[in-house]
$ cat data.pdb   # PDB, C-alpha atoms, pLDDT in the B column
MODEL        1
ATOM      1  CA  MET H   1       0.000   0.000   0.000  1.00 41.00           C
ATOM      2  CA  THR H   2       1.158   3.510  -0.678  1.00 51.00           C
ATOM      3  CA  ASP H   3       1.297   6.322   1.813  1.00 60.00           C
ATOM      4  CA  ASP H   4      -1.351   9.014   1.505  1.00 78.00           C
ATOM      5  CA  TYR H   5       0.024  12.326   0.229  1.00 89.00           C
ATOM      6  CA  PRO H   6      -2.319  15.071  -0.957  1.00 91.00           C
ATOM      7  CA  TYR H   7      -1.166  16.443  -4.315  1.00 91.00           C
ATOM      8  CA  PRO H   8      -2.709  17.677  -7.596  1.00 91.00           C
ATOM      9  CA  VAL H   9      -3.564  14.341  -9.261  1.00 86.00           C
ATOM     10  CA  GLU H  10      -4.386  16.010 -12.560  1.00 88.00           C
ATOM     11  CA  THR H  11      -0.719  17.038 -12.940  1.00 92.00           C
ATOM     12  CA  TYR H  12       1.377  14.511 -10.992  1.00 93.00           C
ATOM     13  CA  ILE H  13       1.755  10.814 -10.258  1.00 90.00           C
ATOM     14  CA  LEU H  14       3.046   9.579  -6.910  1.00 91.00           C
ATOM     15  CA  ILE H  15       5.806   7.100  -7.760  1.00 89.00           C
ATOM     16  CA  GLY H  16       7.449   6.516  -4.404  1.00 91.00           C
ATOM     17  CA  LYS H  17       8.653   7.705  -1.046  1.00 95.00           C
ATOM     18  CA  ILE H  18      12.019   8.824   0.275  1.00 96.00           C
ATOM     19  CA  SER H  19      12.659   6.341   3.043  1.00 95.00           C
ATOM     20  CA  GLU H  20      15.999   7.535   4.467  1.00 96.00           C
ATOM     21  CA  PRO H  21      19.407   9.042   3.712  1.00 96.00           C
ATOM     22  CA  GLN H  22      22.041   6.830   2.117  1.00 96.00           C
ATOM     23  CA  GLY H  23      25.552   7.768   3.201  1.00 92.00           C
ATOM     24  CA  LEU H  24      26.918  11.221   3.918  1.00 94.00           C
ATOM     25  CA  LYS H  25      26.855  12.977   0.525  1.00 94.00           C
ATOM     26  CA  GLY H  26      23.123  13.693   0.198  1.00 95.00           C
ATOM     27  CA  GLU H  27      21.903  10.519  -1.474  1.00 97.00           C
ATOM     28  CA  VAL H  28      18.492   9.145  -0.454  1.00 97.00           C
ATOM     29  CA  LYS H  29      16.779   5.781  -0.694  1.00 97.00           C
ATOM     30  CA  ILE H  30      13.545   5.949  -2.688  1.00 96.00           C
ATOM     31  CA  PHE H  31      11.033   3.127  -2.339  1.00 92.00           C
ATOM     32  CA  SER H  32       9.140   2.704  -5.634  1.00 88.00           C
ATOM     33  CA  PHE H  33       5.410   2.179  -5.154  1.00 83.00           C
ATOM     34  CA  ALA H  34       5.317   0.386  -8.532  1.00 75.00           C
ATOM     35  CA  GLY H  35       7.827  -2.172  -7.271  1.00 73.00           C
ATOM     36  CA  GLN H  36      10.235  -1.275 -10.072  1.00 81.00           C
ATOM     37  CA  PRO H  37      12.901   1.066  -8.705  1.00 87.00           C
ATOM     38  CA  GLU H  38      14.765   0.882 -12.021  1.00 89.00           C
ATOM     39  CA  ASN H  39      12.026   3.064 -13.551  1.00 86.00           C
ATOM     40  CA  ILE H  40      13.272   5.985 -11.433  1.00 89.00           C
ATOM     41  CA  GLU H  41      16.527   5.950 -13.416  1.00 88.00           C
ATOM     42  CA  GLY H  42      14.580   7.250 -16.432  1.00 87.00           C
ATOM     43  CA  TYR H  43      13.247  10.416 -14.778  1.00 91.00           C
ATOM     44  CA  LYS H  44      15.241  13.631 -15.164  1.00 93.00           C
ATOM     45  CA  LYS H  45      13.400  15.562 -12.451  1.00 95.00           C
ATOM     46  CA  VAL H  46      11.035  14.967  -9.570  1.00 96.00           C
ATOM     47  CA  VAL H  47       8.895  17.028  -7.225  1.00 97.00           C
ATOM     48  CA  LEU H  48       8.600  16.134  -3.547  1.00 97.00           C
ATOM     49  CA  VAL H  49       5.415  16.328  -1.498  1.00 97.00           C
ATOM     50  CA  SER H  50       5.154  16.468   2.274  1.00 95.00           C
ATOM     51  CA  PRO H  51       2.508  14.461   4.172  1.00 93.00           C
ATOM     52  CA  ALA H  52       0.672  17.796   4.554  1.00 93.00           C
ATOM     53  CA  GLY H  53       0.615  18.319   0.768  1.00 93.00           C
ATOM     54  CA  LYS H  54       3.308  20.997   0.420  1.00 96.00           C
ATOM     55  CA  LEU H  55       5.063  20.664  -2.948  1.00 96.00           C
ATOM     56  CA  SER H  56       8.760  21.330  -3.419  1.00 96.00           C
ATOM     57  CA  PRO H  57      10.316  22.967  -6.450  1.00 95.00           C
ATOM     58  CA  SER H  58      11.556  20.471  -9.072  1.00 95.00           C
ATOM     59  CA  TYR H  59      14.735  18.588  -8.235  1.00 96.00           C
ATOM     60  CA  ALA H  60      16.992  17.375 -11.029  1.00 95.00           C
ATOM     61  CA  VAL H  61      17.978  13.722 -10.626  1.00 95.00           C
ATOM     62  CA  GLU H  62      21.780  13.849 -10.802  1.00 95.00           C
ATOM     63  CA  LYS H  63      22.556  10.178 -10.096  1.00 95.00           C
ATOM     64  CA  CYS H  64      20.555   7.017  -9.653  1.00 95.00           C
ATOM     65  CA  ARG H  65      21.495   3.421  -8.960  1.00 95.00           C
ATOM     66  CA  ILE H  66      19.476   0.427  -7.849  1.00 94.00           C
ATOM     67  CA  LYS H  67      20.040  -1.423  -4.593  1.00 92.00           C
ATOM     68  CA  GLY H  68      17.503  -4.162  -3.924  1.00 88.00           C
ATOM     69  CA  LYS H  69      13.992  -2.695  -3.715  1.00 87.00           C
ATOM     70  CA  PHE H  70      15.312   0.871  -3.600  1.00 94.00           C
ATOM     71  CA  ALA H  71      16.633   3.483  -5.985  1.00 95.00           C
ATOM     72  CA  ILE H  72      19.586   5.332  -4.460  1.00 97.00           C
ATOM     73  CA  VAL H  73      19.251   8.868  -5.797  1.00 97.00           C
ATOM     74  CA  LEU H  74      21.237  12.083  -5.602  1.00 97.00           C
ATOM     75  CA  LEU H  75      19.023  15.121  -6.138  1.00 97.00           C
ATOM     76  CA  ALA H  76      20.429  18.498  -7.176  1.00 95.00           C
ATOM     77  CA  SER H  77      20.982  20.847  -4.223  1.00 94.00           C
ATOM     78  CA  VAL H  78      20.828  18.030  -1.653  1.00 96.00           C
ATOM     79  CA  ASN H  79      24.527  18.000  -0.795  1.00 94.00           C
ATOM     80  CA  ASP H  80      24.875  16.274   2.561  1.00 96.00           C
ATOM     81  CA  ARG H  81      23.241  13.955   5.054  1.00 96.00           C
ATOM     82  CA  ASN H  82      21.419  16.857   6.775  1.00 96.00           C
ATOM     83  CA  GLY H  83      19.774  17.803   3.473  1.00 96.00           C
ATOM     84  CA  ALA H  84      18.843  14.163   2.858  1.00 97.00           C
ATOM     85  CA  GLU H  85      17.364  13.830   6.354  1.00 97.00           C
ATOM     86  CA  ALA H  86      15.278  16.963   5.767  1.00 96.00           C
ATOM     87  CA  ILE H  87      13.466  15.330   2.824  1.00 97.00           C
ATOM     88  CA  SER H  88      13.099  11.836   4.326  1.00 96.00           C
ATOM     89  CA  GLY H  89       9.489  10.681   4.470  1.00 95.00           C
ATOM     90  CA  MET H  90       8.413  12.855   1.543  1.00 97.00           C
ATOM     91  CA  GLY H  91       6.511  11.469  -1.423  1.00 96.00           C
ATOM     92  CA  VAL H  92       8.153  11.509  -4.844  1.00 96.00           C
ATOM     93  CA  LEU H  93       6.079  12.871  -7.722  1.00 95.00           C
ATOM     94  CA  ILE H  94       6.633  13.107 -11.444  1.00 94.00           C
ATOM     95  CA  ARG H  95       4.650  15.176 -13.901  1.00 93.00           C
ATOM     96  CA  LYS H  96       2.325  13.118 -16.075  1.00 89.00           C
ATOM     97  CA  GLU H  97       3.734  14.931 -19.098  1.00 88.00           C
ATOM     98  CA  ASP H  98       7.207  13.538 -18.228  1.00 86.00           C
ATOM     99  CA  LEU H  99       6.068   9.904 -18.418  1.00 83.00           C
ATOM    100  CA  PRO H 100       7.528   7.887 -21.305  1.00 79.00           C
ATOM    101  CA  GLN H 101       5.297   7.556 -24.360  1.00 79.00           C
ATOM    102  CA  LEU H 102       3.474   4.241 -24.559  1.00 77.00           C
ATOM    103  CA  ASN H 103       2.718   1.942 -27.449  1.00 76.00           C
ATOM    104  CA  GLU H 104      -0.863   1.776 -28.655  1.00 74.00           C
ATOM    105  CA  ASP H 105      -1.699  -1.365 -26.640  1.00 70.00           C
ATOM    106  CA  GLU H 106      -0.107  -0.103 -23.389  1.00 73.00           C
ATOM    107  CA  PHE H 107      -1.529   2.039 -20.582  1.00 76.00           C
ATOM    108  CA  TYR H 108      -0.631   3.511 -17.229  1.00 79.00           C
ATOM    109  CA  LEU H 109      -2.578   2.231 -14.242  1.00 80.00           C
ATOM    110  CA  TYR H 110      -3.654   5.749 -13.217  1.00 81.00           C
ATOM    111  CA  GLN H 111      -5.591   5.932 -16.518  1.00 83.00           C
ATOM    112  CA  MET H 112      -8.014   3.310 -15.169  1.00 87.00           C
ATOM    113  CA  GLU H 113      -9.118   5.544 -12.292  1.00 87.00           C
ATOM    114  CA  GLY H 114     -12.603   6.971 -12.745  1.00 90.00           C
ATOM    115  CA  LEU H 115     -13.689   4.332 -15.281  1.00 93.00           C
ATOM    116  CA  PRO H 116     -16.816   2.215 -14.801  1.00 96.00           C
ATOM    117  CA  VAL H 117     -16.297  -1.533 -14.313  1.00 96.00           C
ATOM    118  CA  ILE H 118     -18.723  -3.944 -15.954  1.00 95.00           C
ATOM    119  CA  THR H 119     -18.771  -7.741 -15.863  1.00 95.00           C
ATOM    120  CA  THR H 120     -18.940  -9.750 -19.093  1.00 94.00           C
ATOM    121  CA  ASP H 121     -22.602 -10.496 -18.329  1.00 93.00           C
ATOM    122  CA  GLY H 122     -23.424  -6.770 -18.165  1.00 92.00           C
ATOM    123  CA  ARG H 123     -23.479  -6.166 -14.394  1.00 93.00           C
ATOM    124  CA  ARG H 124     -22.207  -2.678 -13.521  1.00 94.00           C
ATOM    125  CA  LEU H 125     -19.999  -2.937 -10.405  1.00 93.00           C
ATOM    126  CA  GLY H 126     -19.077   0.710  -9.907  1.00 94.00           C
ATOM    127  CA  ILE H 127     -16.235   3.130 -10.595  1.00 95.00           C
ATOM    128  CA  VAL H 128     -12.495   2.605 -10.122  1.00 93.00           C
ATOM    129  CA  THR H 129     -11.660   4.937  -7.237  1.00 90.00           C
ATOM    130  CA  SER H 130      -7.983   3.994  -6.951  1.00 86.00           C
ATOM    131  CA  ILE H 131      -5.314   1.429  -7.696  1.00 83.00           C
ATOM    132  CA  SER H 132      -3.859  -0.509  -4.799  1.00 78.00           C
ATOM    133  CA  SER H 133      -1.455  -3.378  -4.298  1.00 71.00           C
ATOM    134  CA  ASN H 134      -1.564  -6.368  -2.004  1.00 70.00           C
ATOM    135  CA  GLY H 135       2.168  -6.940  -2.367  1.00 66.00           C
ATOM    136  CA  VAL H 136       1.657  -9.610  -5.025  1.00 75.00           C
ATOM    137  CA  GLN H 137      -0.406  -7.813  -7.654  1.00 80.00           C
ATOM    138  CA  ASP H 138      -2.083  -4.532  -8.447  1.00 83.00           C
ATOM    139  CA  LEU H 139      -5.769  -4.213  -7.631  1.00 88.00           C
ATOM    140  CA  LEU H 140      -8.580  -2.058  -8.960  1.00 90.00           C
ATOM    141  CA  VAL H 141     -10.501  -0.552  -6.046  1.00 92.00           C
ATOM    142  CA  VAL H 142     -14.055  -0.381  -7.391  1.00 93.00           C
ATOM    143  CA  GLN H 143     -16.784   1.410  -5.442  1.00 93.00           C
ATOM    144  CA  ASP H 144     -20.514   1.652  -5.836  1.00 90.00           C
ATOM    145  CA  ALA H 145     -23.080   3.003  -3.383  1.00 85.00           C
ATOM    146  CA  ASP H 146     -23.022  -0.114  -1.196  1.00 85.00           C
ATOM    147  CA  ASN H 147     -19.894  -2.127  -1.915  1.00 88.00           C
ATOM    148  CA  GLU H 148     -16.185  -1.920  -2.491  1.00 91.00           C
ATOM    149  CA  TYR H 149     -14.600  -4.553  -4.725  1.00 92.00           C
ATOM    150  CA  LEU H 150     -10.897  -5.355  -4.995  1.00 92.00           C
ATOM    151  CA  ILE H 151     -10.299  -6.687  -8.491  1.00 92.00           C
ATOM    152  CA  PRO H 152      -6.866  -8.149  -9.345  1.00 92.00           C
ATOM    153  CA  ILE H 153      -5.428  -6.630 -12.525  1.00 90.00           C
ATOM    154  CA  LEU H 154      -4.768  -9.887 -14.335  1.00 90.00           C
ATOM    155  CA  ASP H 155      -5.255 -10.707 -18.022  1.00 88.00           C
ATOM    156  CA  THR H 156      -7.534 -13.574 -17.009  1.00 92.00           C
ATOM    157  CA  ILE H 157      -9.854 -11.191 -15.110  1.00 93.00           C
ATOM    158  CA  VAL H 158      -9.578  -7.829 -16.912  1.00 92.00           C
ATOM    159  CA  ILE H 159     -10.836  -8.868 -20.344  1.00 91.00           C
ATOM    160  CA  HIS H 160     -11.025  -5.425 -21.968  1.00 89.00           C
ATOM    161  CA  HIS H 161     -10.366  -1.812 -21.137  1.00 88.00           C
ATOM    162  CA  ASP H 162     -10.385   1.402 -23.094  1.00 86.00           C
ATOM    163  CA  ALA H 163     -10.829   5.094 -22.319  1.00 83.00           C
ATOM    164  CA  GLU H 164     -14.520   4.566 -21.498  1.00 90.00           C
ATOM    165  CA  LYS H 165     -14.849   1.337 -19.483  1.00 93.00           C
ATOM    166  CA  ILE H 166     -13.245  -1.784 -18.022  1.00 94.00           C
ATOM    167  CA  VAL H 167     -14.797  -5.196 -18.641  1.00 94.00           C
ATOM    168  CA  ILE H 168     -13.976  -8.023 -16.239  1.00 95.00           C
ATOM    169  CA  GLU H 169     -14.724 -11.720 -16.007  1.00 94.00           C
ATOM    170  CA  PRO H 170     -14.499 -12.402 -12.274  1.00 92.00           C
ATOM    171  CA  PRO H 171     -13.732 -15.938 -11.133  1.00 92.00           C
ATOM    172  CA  PRO H 172     -16.441 -17.605  -9.032  1.00 90.00           C
ATOM    173  CA  GLY H 173     -16.655 -16.083  -5.556  1.00 88.00           C
ATOM    174  CA  LEU H 174     -14.506 -12.971  -6.167  1.00 88.00           C
ATOM    175  CA  LEU H 175     -17.345 -10.458  -6.063  1.00 86.00           C
ATOM    176  CA  GLU H 176     -19.063 -12.165  -3.137  1.00 84.00           C
ATOM    177  CA  ILE H 177     -15.856 -12.174  -1.067  1.00 79.00           C
ATOM    178  CA  ASN H 178     -15.236  -8.535  -1.815  1.00 65.00           C
ATOM    179  CA  SER H 179     -18.763  -7.388  -1.022  1.00 59.00           C
ATOM    180  CA  GLY H 180     -19.152  -9.383   2.168  1.00 52.00           C
ATOM    181  CA  ASP H 181     -22.114 -11.295   0.695  1.00 52.00           C
ATOM    182  CA  SER H 182     -20.399 -14.691   0.988  1.00 46.00           C
ATOM    183  CA  THR H 183     -21.964 -17.305   3.173  1.00 48.00           C
ATOM    184  CA  ASP H 184     -19.854 -19.428   5.533  1.00 47.00           C
TER     185      ASP H 184
ENDMDL
END
$ encode --input "data.pdb" --output "structure tokens"
Amino acid sequence: MTDDYPYPVETYILIGKISEPQGLKGEVKIFSFAGQPENIEGYKKVVLVSPAGKLSPSYAVEKCRIKGKFAIVLLASVNDRNGAEAISGMGVLIRKEDLPQLNEDEFYLYQMEGLPVITTDGRRLGIVTSISSNGVQDLLVVQDADNEYLIPILDTIVIHHDAEKIVIEPPPGLLEINSGDSTD
């Protein structure tokens, strides 16, 4: 699960969190919420956000290397451990316009937010309110007036999606477990 940072979602995407300083020269460990710290190597600049929602100016990414589940990053103007400690705990944002261009059949998960979810038999489940992760896979968080459904984003479940809707074929029991309607 990601931490909750208020930020302008129409402009930015939250990609991670600065967990702690790394060494004495201003480097920081960034935990990637996507589980792919190597993606951070491709970004030229980032914006930081405090838990209260205060945005920093853009920081140029001067160096980046991968160490396990973390990207070790040196940001411009963060020159020592004190500077790195000052930004620890902040969320790491990138501008949507700075995301790499995708092929025609690819999409970013954030593009699924706000779309209606319909089963293959025509049942409307609700709207995707967010994307979450259970540590194994990404999940669509789908909400209607009465229920919240957690739908794994798997090719065997998400049959179709486009800019207008998501069509799923849920395995037996998935919707009942999610809605609390299952019988024991």
$ resolve_selection --input "data.pdb" --expression "the PyMOL selection byres ((chain H and resi 50-59) around 12)" --output "PyMOL selection string"
chain H and resi 3-9+12+14+17-18+43-49+60-63+73-78+86-95
$ write_last_selection --input "data.pdb" --atoms "C-alpha atoms" --output "compact mmCIF listing (two decimals), keeping the file's coordinate frame"
# COMPACT_ATOMS: atom_id res chain seq x y z
CA ASP H 3 1.30 6.32 1.81
CA ASP H 4 -1.35 9.01 1.50
CA TYR H 5 0.02 12.33 0.23
CA PRO H 6 -2.32 15.07 -0.96
CA TYR H 7 -1.17 16.44 -4.32
CA PRO H 8 -2.71 17.68 -7.60
CA VAL H 9 -3.56 14.34 -9.26
CA TYR H 12 1.38 14.51 -10.99
CA LEU H 14 3.05 9.58 -6.91
CA LYS H 17 8.65 7.70 -1.05
CA ILE H 18 12.02 8.82 0.28
CA TYR H 43 13.25 10.42 -14.78
CA LYS H 44 15.24 13.63 -15.16
CA LYS H 45 13.40 15.56 -12.45
CA VAL H 46 11.04 14.97 -9.57
CA VAL H 47 8.90 17.03 -7.22
CA LEU H 48 8.60 16.13 -3.55
CA VAL H 49 5.42 16.33 -1.50
CA ALA H 60 16.99 17.38 -11.03
CA VAL H 61 17.98 13.72 -10.63
CA GLU H 62 21.78 13.85 -10.80
CA LYS H 63 22.56 10.18 -10.10
CA VAL H 73 19.25 8.87 -5.80
CA LEU H 74 21.24 12.08 -5.60
CA LEU H 75 19.02 15.12 -6.14
CA ALA H 76 20.43 18.50 -7.18
CA SER H 77 20.98 20.85 -4.22
CA VAL H 78 20.83 18.03 -1.65
CA ALA H 86 15.28 16.96 5.77
CA ILE H 87 13.47 15.33 2.82
CA SER H 88 13.10 11.84 4.33
CA GLY H 89 9.49 10.68 4.47
CA MET H 90 8.41 12.86 1.54
CA GLY H 91 6.51 11.47 -1.42
CA VAL H 92 8.15 11.51 -4.84
CA LEU H 93 6.08 12.87 -7.72
CA ILE H 94 6.63 13.11 -11.44
CA ARG H 95 4.65 15.18 -13.90
$ residues_around --input "data.pdb" --residues "H:Val142" --least-positions-apart "5" --cutoff "10 Å" --atoms "all atoms listed in the file" --output "tab-separated table (two decimals) with C-alpha atoms, keeping the file's coordinate frame"
chain	number	residue	atom	x	y	z
H	113	GLU	CA	-9.12	5.54	-12.29
H	114	GLY	CA	-12.60	6.97	-12.74
H	115	LEU	CA	-13.69	4.33	-15.28
H	116	PRO	CA	-16.82	2.22	-14.80
H	117	VAL	CA	-16.30	-1.53	-14.31
H	125	LEU	CA	-20.00	-2.94	-10.40
H	126	GLY	CA	-19.08	0.71	-9.91
H	127	ILE	CA	-16.24	3.13	-10.60
H	128	VAL	CA	-12.50	2.60	-10.12
H	129	THR	CA	-11.66	4.94	-7.24
H	130	SER	CA	-7.98	3.99	-6.95
H	131	ILE	CA	-5.31	1.43	-7.70
H	147	ASN	CA	-19.89	-2.13	-1.92
H	148	GLU	CA	-16.18	-1.92	-2.49
H	149	TYR	CA	-14.60	-4.55	-4.72
H	150	LEU	CA	-10.90	-5.36	-5.00
H	151	ILE	CA	-10.30	-6.69	-8.49
H	178	ASN	CA	-15.24	-8.54	-1.82
$ closest_residue --input "data.pdb" --among "H:Asn103, H:Asn79, H:Ser132, H:Gln22" --to "H:Lys67" --atoms "all atoms listed in the file"
H:Gln22
$ axis_aligned_box --input "data.pdb" --around "stretch 14-26 of chain H" --padding-each-side "5 Å" --output "AutoDock Vina command-line options"
--center_x 15.0 --center_y 10.0 --center_z -1.6 --size_x 33.9 --size_y 17.4 --size_z 22.2
$ atom_distance --input "data.pdb" --atom1 "atom CA of H:Thr119" --atom2 "atom CA of H:Leu139"
15.8 Å
$ atom_distance --input "data.pdb" --atom1 "atom CA of H:Pro100" --atom2 "atom CA of H:Gln143"
29.7 Å
$ atom_distance --input "data.pdb" --atom1 "atom CA of H:Gly26" --atom2 "atom CA of H:Asn82"
7.5 Å
$ resolve_selection --input "data.pdb" --expression "the PyMOL selection byres ((chain H and resi 81) around 6)" --output "PyMOL selection string"
chain H and resi 24-26+80+82-84
$ write_last_selection --input "data.pdb" --atoms "C-alpha atoms" --output "tab-separated table (two decimals), keeping the file's coordinate frame"
chain	number	residue	atom	x	y	z
H	24	LEU	CA	26.92	11.22	3.92
H	25	LYS	CA	26.86	12.98	0.52
H	26	GLY	CA	23.12	13.69	0.20
H	80	ASP	CA	24.88	16.27	2.56
H	82	ASN	CA	21.42	16.86	6.78
H	83	GLY	CA	19.77	17.80	3.47
H	84	ALA	CA	18.84	14.16	2.86
$ closest_residue --input "data.pdb" --among "H:Glu97, H:Ile118, H:Val28, H:Ile153" --to "H:Ser133" --atoms "only C-alpha atoms"
H:Ile153
$ decode --input "data.pdb" --residues "stretch 88-102 of chain H" --atoms "N, CA and C atoms" --output "compact mmCIF listing (two decimals), in the first residue's frame"
# COMPACT_ATOMS: atom_id res chain seq x y z
N SER H 88 13.53 13.21 4.04
CA SER H 88 13.10 11.84 4.33
C SER H 88 11.62 11.82 4.69
N GLY H 89 10.93 10.80 4.21
CA GLY H 89 9.49 10.68 4.47
C GLY H 89 8.62 11.38 3.45
N MET H 90 9.21 12.14 2.54
CA MET H 90 8.41 12.86 1.54
C MET H 90 8.06 11.93 0.39
N GLY H 91 6.92 12.19 -0.23
CA GLY H 91 6.51 11.47 -1.42
C GLY H 91 7.26 11.99 -2.63
N VAL H 92 7.45 11.15 -3.62
CA VAL H 92 8.15 11.51 -4.84
C VAL H 92 7.15 11.53 -5.99
N LEU H 93 7.03 12.67 -6.63
CA LEU H 93 6.08 12.87 -7.72
C LEU H 93 6.81 13.09 -9.04
N ILE H 94 6.18 12.69 -10.12
CA ILE H 94 6.63 13.11 -11.44
C ILE H 94 5.44 13.70 -12.17
N ARG H 95 5.72 14.60 -13.09
CA ARG H 95 4.65 15.18 -13.90
C ARG H 95 4.17 14.13 -14.90
N LYS H 96 2.87 14.06 -15.10
CA LYS H 96 2.33 13.12 -16.07
C LYS H 96 2.92 13.35 -17.46
N GLU H 97 3.17 14.62 -17.78
CA GLU H 97 3.73 14.93 -19.10
C GLU H 97 5.17 14.41 -19.27
N ASP H 98 5.84 14.07 -18.16
CA ASP H 98 7.21 13.54 -18.23
C ASP H 98 7.26 12.01 -18.31
N LEU H 99 6.10 11.36 -18.30
CA LEU H 99 6.07 9.90 -18.42
C LEU H 99 6.49 9.49 -19.83
N PRO H 100 7.17 8.37 -19.97
CA PRO H 100 7.53 7.89 -21.31
C PRO H 100 6.28 7.61 -22.15
N GLN H 101 6.40 7.85 -23.44
CA GLN H 101 5.30 7.56 -24.36
C GLN H 101 5.08 6.05 -24.42
N LEU H 102 3.83 5.65 -24.52
CA LEU H 102 3.47 4.24 -24.56
C LEU H 102 3.11 3.80 -25.97
